[in-house]
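This report refers to the structure that appears directly beneath it.
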Amino acid sequence: MEVSNKTSPSIFILQGLSNVYYLKVICFIVFLMMYISTLSGNLLLIIVVRINPTLQAPMYFLLSHLSCIDICFSSTIVPKILANTIAKDRSISLLGCAAHMYFSSALAATECIILSIMAYDRFAAICRPLHYSSIMNKTLCNVLVSGSSTVCFSNSAIHVFLTFQLPFCRSHQVNHFFCEMPPFFLLSCKDTWLNEIAMYISAGIIAMCSFFLTLISYIHIISTILKIHSLHGRHKAFSTCASHLTVVALYYGTIMFMYLRPRSTYSPETDKIVSILYTTVTPMLNPIIYSIRNADVKETIKKKLLRK
């Protein structure tokens, strides 16, 4: 029984953003503002799409679904980080940590696929405009969204199960802001090669395939844009594509850096910074880059929400 307690702690201790008082206050305020921005921006997009009958195209359906994922993803991570920053007790139960890891990894993977579907949608709209309605329709969008969620949540369940089969005998102090697989591998006194291979395979299939589909879609989009004769139209299209690709590269790049590099290169301090980028920064930027800059969305906000 004593060995079991050492190898399977019932609680884990997570880290806060800082241990210095004034830095705690600054970090708490910054992250709280980022979280509020994430919630308000994504909720605004969902409301705009719901109240405007003209925004019922596949693009806006996918955007609103992305906003739902970002709200859930950010809400899974950021409140816990905020609580751990100001609270003396930073403990989390084994079950709570497993649930935390399950939802965060599932939502992160789902967002990877949704971003690639959105890129394909833009490819179909710009490069195949005459066939767009037959390529992208409501039924296909529902199948793609529900299918990606099912695959990612099932995949996450397998990884969480494998992770918590490991004996955590080195420490119950997690050098990370939230429960994530790579930091937990460092706590185990057992060889984690099976877990790492399973993680590499999943990340390779989901993240890499989604990234390459997105990249190929935007290569075709850019080649089509180059054929536009209007200099203003070409500049506007390039500006939109550049902003989309910046956010996409930030998200895919940080995810692949976290989940596809060898264990020997793990660095707790670097990992914490990288994880903040895809769990907090990207969900905040998505509604700004994909939606608020959109002319139809801005027009709806002006007419419907800001009328008074």
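Just so we're on the same page: first chain in the structure tokens is A, next is B, and so on; residues restart at 1 for each chain, and ligands are numbered from 1 in the order they show up.
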| request: Extract the full set of helix (DSSP H, G or I) residues from range 45-253 of chain A according to DSSP on the backbone, and format it as JSON, numbers by chain. | output: {"A": [45, 46, 47, 48, 49, 50, 51, 58, 59, 60, 61, 62, 63, 64, 65, 66, 67, 68, 69, 70, 71, 72, 73, 74, 75, 76, 77, 78, 79, 80, 81, 82, 83, 84, 85, 86, 94, 95, 96, 97, 98, 99, 100, 101, 102, 103, 104, 105, 106, 107, 108, 109, 110, 111, 112, 113, 114, 115, 116, 117, 118, 119, 120, 121, 122, 123, 124, 125, 126, 127, 129, 130, 131, 132, 133, 134, 135, 138, 139, 140, 141, 142, 143, 144, 145, 146, 147, 148, 149, 150, 151, 152, 153, 154, 155, 156, 157, 158, 159, 160, 161, 162, 163, 181, 182, 183, 184, 185, 193, 194, 195, 196, 197, 198, 199, 200, 201, 202, 203, 204, 205, 206, 207, 208, 209, 210, 211, 212, 213, 214, 215, 216, 217, 218, 219, 220, 221, 222, 223, 224, 225, 231, 232, 233, 234, 235, 236, 237, 238, 239, 240, 241, 242, 243, 244, 245, 246, 247, 248, 249, 250, 251, 252, 253]}
| request: Fewer than 2 positions away in the same chain doesn't count, so skip those; otherwise give me all residues within 12 Å of Gln15 in chain A, counting only C-alpha atoms, as a PyMOL selection string. | output: chain A and resi 12-13+17-19+24+80-92+172-179+183+268-269+272
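Distances to Ile222 in chain A were evaluated for A:Ile135, A:Cys152, A:Cys241, A:Leu144 using only C-alpha atoms, and the minimum falls at A:Cys241.
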| said: One number please: CA of Ile69 in chain A to CA of Thr270 in chain A, in Å, one decimal. | reply: 25.2 Å
Contact table range 28-123 of chain A vs range 192-206 of chain A, cut-off 8 Å, shortest pair per residue, only C-alpha atoms, as a Markdown table:
```
| residue | atom | partner | partner_atom | distance |
| --- | --- | --- | --- | --- |
| A:Ala109 | CA | A:Ile206 | CA | 6.7 |
| A:Cys112 | CA | A:Ile206 | CA | 7.1 |
| A:Ile113 | CA | A:Ile206 | CA | 7.0 |
```
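Put simply, CA of Leu260 in chain A is 13.9 Å away from CA of Phe185 in chain A.
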Please identify every residue of range 20-115 of chain A that has at least one atom no farther than 9 Å from an atom of range 154-159 of chain A, counting only C-alpha atoms, and for each give the shortest atom pair and the distance in Å to one decimal, arranged by chain then increasing number, as a Markdown table.
```
| residue | atom | partner | partner_atom | distance |
| --- | --- | --- | --- | --- |
| A:Met101 | CA | A:Ser156 | CA | 8.3 |
| A:Tyr102 | CA | A:Ser156 | CA | 5.6 |
| A:Phe103 | CA | A:Ser156 | CA | 7.7 |
| A:Ser104 | CA | A:Ser156 | CA | 8.8 |
| A:Ser105 | CA | A:Ser156 | CA | 6.1 |
| A:Ala106 | CA | A:Ser156 | CA | 5.2 |
| A:Ala109 | CA | A:Ser156 | CA | 8.6 |
```
| Smallest atom-to-atom distance to Ile11 in chain A: which of A:Leu45, A:Val281, A:Leu95, A:Leu23, using only C-alpha atoms? |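 When distances to Ile11 in chain A are compared using only C-alpha atoms, the smallest one comes from A:Leu95.
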If we count only C-alpha atoms and set the cut-off at 9 Å, which residues sit around Thr224 in chain A, ignoring sequence neighbours fewer than 4 positions away in its own chain? Please answer as a PDB file with C-alpha atoms, in the first residue's frame.
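What ended up in part09.pdb:
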```
ATOM      1  CA  ILE A 126     -11.901  31.373 -54.147  1.00  0.00           C
ATOM      2  CA  CYS A 127     -10.480  28.758 -56.506  1.00  0.00           C
ATOM      3  CA  ILE A 219      -0.877  27.953 -51.814  1.00  0.00           C
ATOM      4  CA  HIS A 220      -3.741  27.481 -54.299  1.00  0.00           C
ATOM      5  CA  ILE A 228      -6.345  39.287 -59.904  1.00  0.00           C
TER       6      ILE A 228
END
```
| In Å to one decimal, how far is CA of Ser64 in chain A from CA of Met256 in chain A? |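 So the two atoms, CA of Met256 in chain A and CA of Ser64 in chain A, lie 24.8 Å apart.
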| task | Measuring atom to atom with only C-alpha atoms, identify which of A:Cys27, A:Ala57, A:Met181, A:Ala124 is nearest to Arg263 in chain A. | result | A:Met181
| message | Please list as a list in words every residue within 10 Å of Thr279 in chain A, counting only C-alpha atoms and excluding residues in the same chain fewer than 3 positions away. | response | Asp70, Phe73, Ser74, Ser75, Thr76, Ile77, Val78, Ser104, Leu107, Ala108, Tyr251, Thr254, Ile255, Val274, Ser275, Ile276, Thr282, Pro283 and Met284 of chain A
